[in-house]
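Colleague: Quick one: structure below, then a few questions.
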Amino acid sequence: MQNALSPIVIRSTGYFLPERVLTNDDLSKIVETSDEWIAERTGIRERRICADDETTSDMAYGAALDALKNANLKPEDIDLLIVATITPDFKTPSVACILQERLGLRNVPAFDISAACSGFVYCLEICGQLMRGGVYRNALIIGAEKLTSVTDWTDRTTCVLFGDAAGACVLSKTDTPGVGLIGNILGSDGSHPDILNIPGGGSRLPLTKENIDDKTQYIKMNGREVFKLAVRVMEDVARKLLERHGLTTQDINLVIPHQANTRIIEALTKRLEIPNERVMLNIEKLGNNSSASIPVALAQANEQGRLKKGDYLLLLAFGAGLTWGASLIKWN
Ligand code: ACO
């Protein structure tokens, strides 16, 4: 089943990583943990973290410039800009508006979306559908997160997981049928708000000195529950999407899963019977970058020459909300 409207392709990818590296050994000096525990339970050995004055929009800008250069396009060629993030510079204006100004884009709609670790897969679908509508020719979509700004550095159950990064893609209309964004399934379930959330700082619990002391501004997570749900939901959405398009997991050349935990990814790809060599992993060096995780992994797979014309790629995401999504792409 192909989308009959204009095909949309990923014209280029790009990414940006902050320079500072935080290793597991560094973390073991902050909380009671060890390289061995973190690596065995999560697959993470190190992560990048922003400098104190480096922001989500700074990383998004770096990733955007990289994607524009790789697309051989100038900012004025872009007519739509969407950023996925849960760690914006400000509650308002959006990261997308900050970027609109910094990139010198003119008269473009620019907005952020919030779907946590599924943000980039949500972005692909939103952007693809807006472009198919006819008006937009080239769009810039970005997943960018400074997760270290919402990390509780005294909580060893969460602080070992997260890192900062940004990944970007330029999407363009094409006349070639049957390539690019083939299909997408998104989902959500708001009935588990407490298993992964940031309780403070919103309209329900505006920050006060007292609740800042209670650390309500940081990510809280029930890791075990997230783990179980993540595997189940991503397997289900992958199977549904492939079935919808008359494909099986054998047809997929590369799976690019959200990089939350190596054990989640292994359990998922084992159930889907996808061998390790067809799974993109970068979590060892980057940790979990939420909505930046998939676009950075996609850009690195591209940089490593792992994406070949005609390949089927399957992006699989799961995150707070809960939200989830799968995207099927035929590389061009
Ligand atoms: N170092 C050492 N010990 C630790 C650490 C740590 N960093 N963290 C927890 N422990 C201890 C616990 O206190 C517990 O000790 P106890 O048995 O004495 O009580 C023990 O290790 C086991 O803890 P569990 O929470 O059961 O460990 P688990 O094997 O479930 O691993 C983890 C925890 C890594 C968080 C895992 O549950 C996980 O990855 N869950 C998925 C959640 C996830 O990936 N979230 C990412 C954000 S959301 C997203 O991206 C979708």
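Chain identifiers are assigned as A, B, and so on, following the order in which chains appear in the structure tokens; residues are numbered from 1 within each chain, and ligands are numbered from 1 in order of appearance.
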Could you pull the residues within 9 Å of A:Arg41, counting only C-alpha atoms, minus those fewer than 6 positions along the same chain, as number ranges by chain?

Modeller: A: 261-263

Colleague: Neighbouring residues of stretch 90-98 of chain A were defined as those with any atom within 8 Å, considering only C-alpha atoms; residues of the same chain fewer than 4 positions away were excluded. Please report them as a VMD selection string.

Modeller: chain A and resid 56 to 57 81 to 83 102 110 to 112

Colleague: Give the residue list for ligand 1 at 7 Å, counting only C-alpha atoms and all ligand atoms, as a ChimeraX atom specification, sorted by chain and then by residue number.

Modeller: /A:32-34,37-38,41-42,117,156-158,160-161,196,223-224,226-227,230,260-261,288,290,318-320

Colleague: Nearest to A:Tyr122: which of A:Leu105, A:Ala144, A:Leu186, A:Ile195 is it, counting only C-alpha atoms?

Modeller: A:Leu186

Colleague: Which of these, A:Glu210, A:Ala64, A:Leu328, A:Gly287, has the shortest distance to A:Thr248 once you count only C-alpha atoms?

Modeller: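 Of A:Glu210, A:Ala64, A:Leu328, A:Gly287, the one nearest A:Thr248 is A:Leu328, counting only C-alpha atoms.
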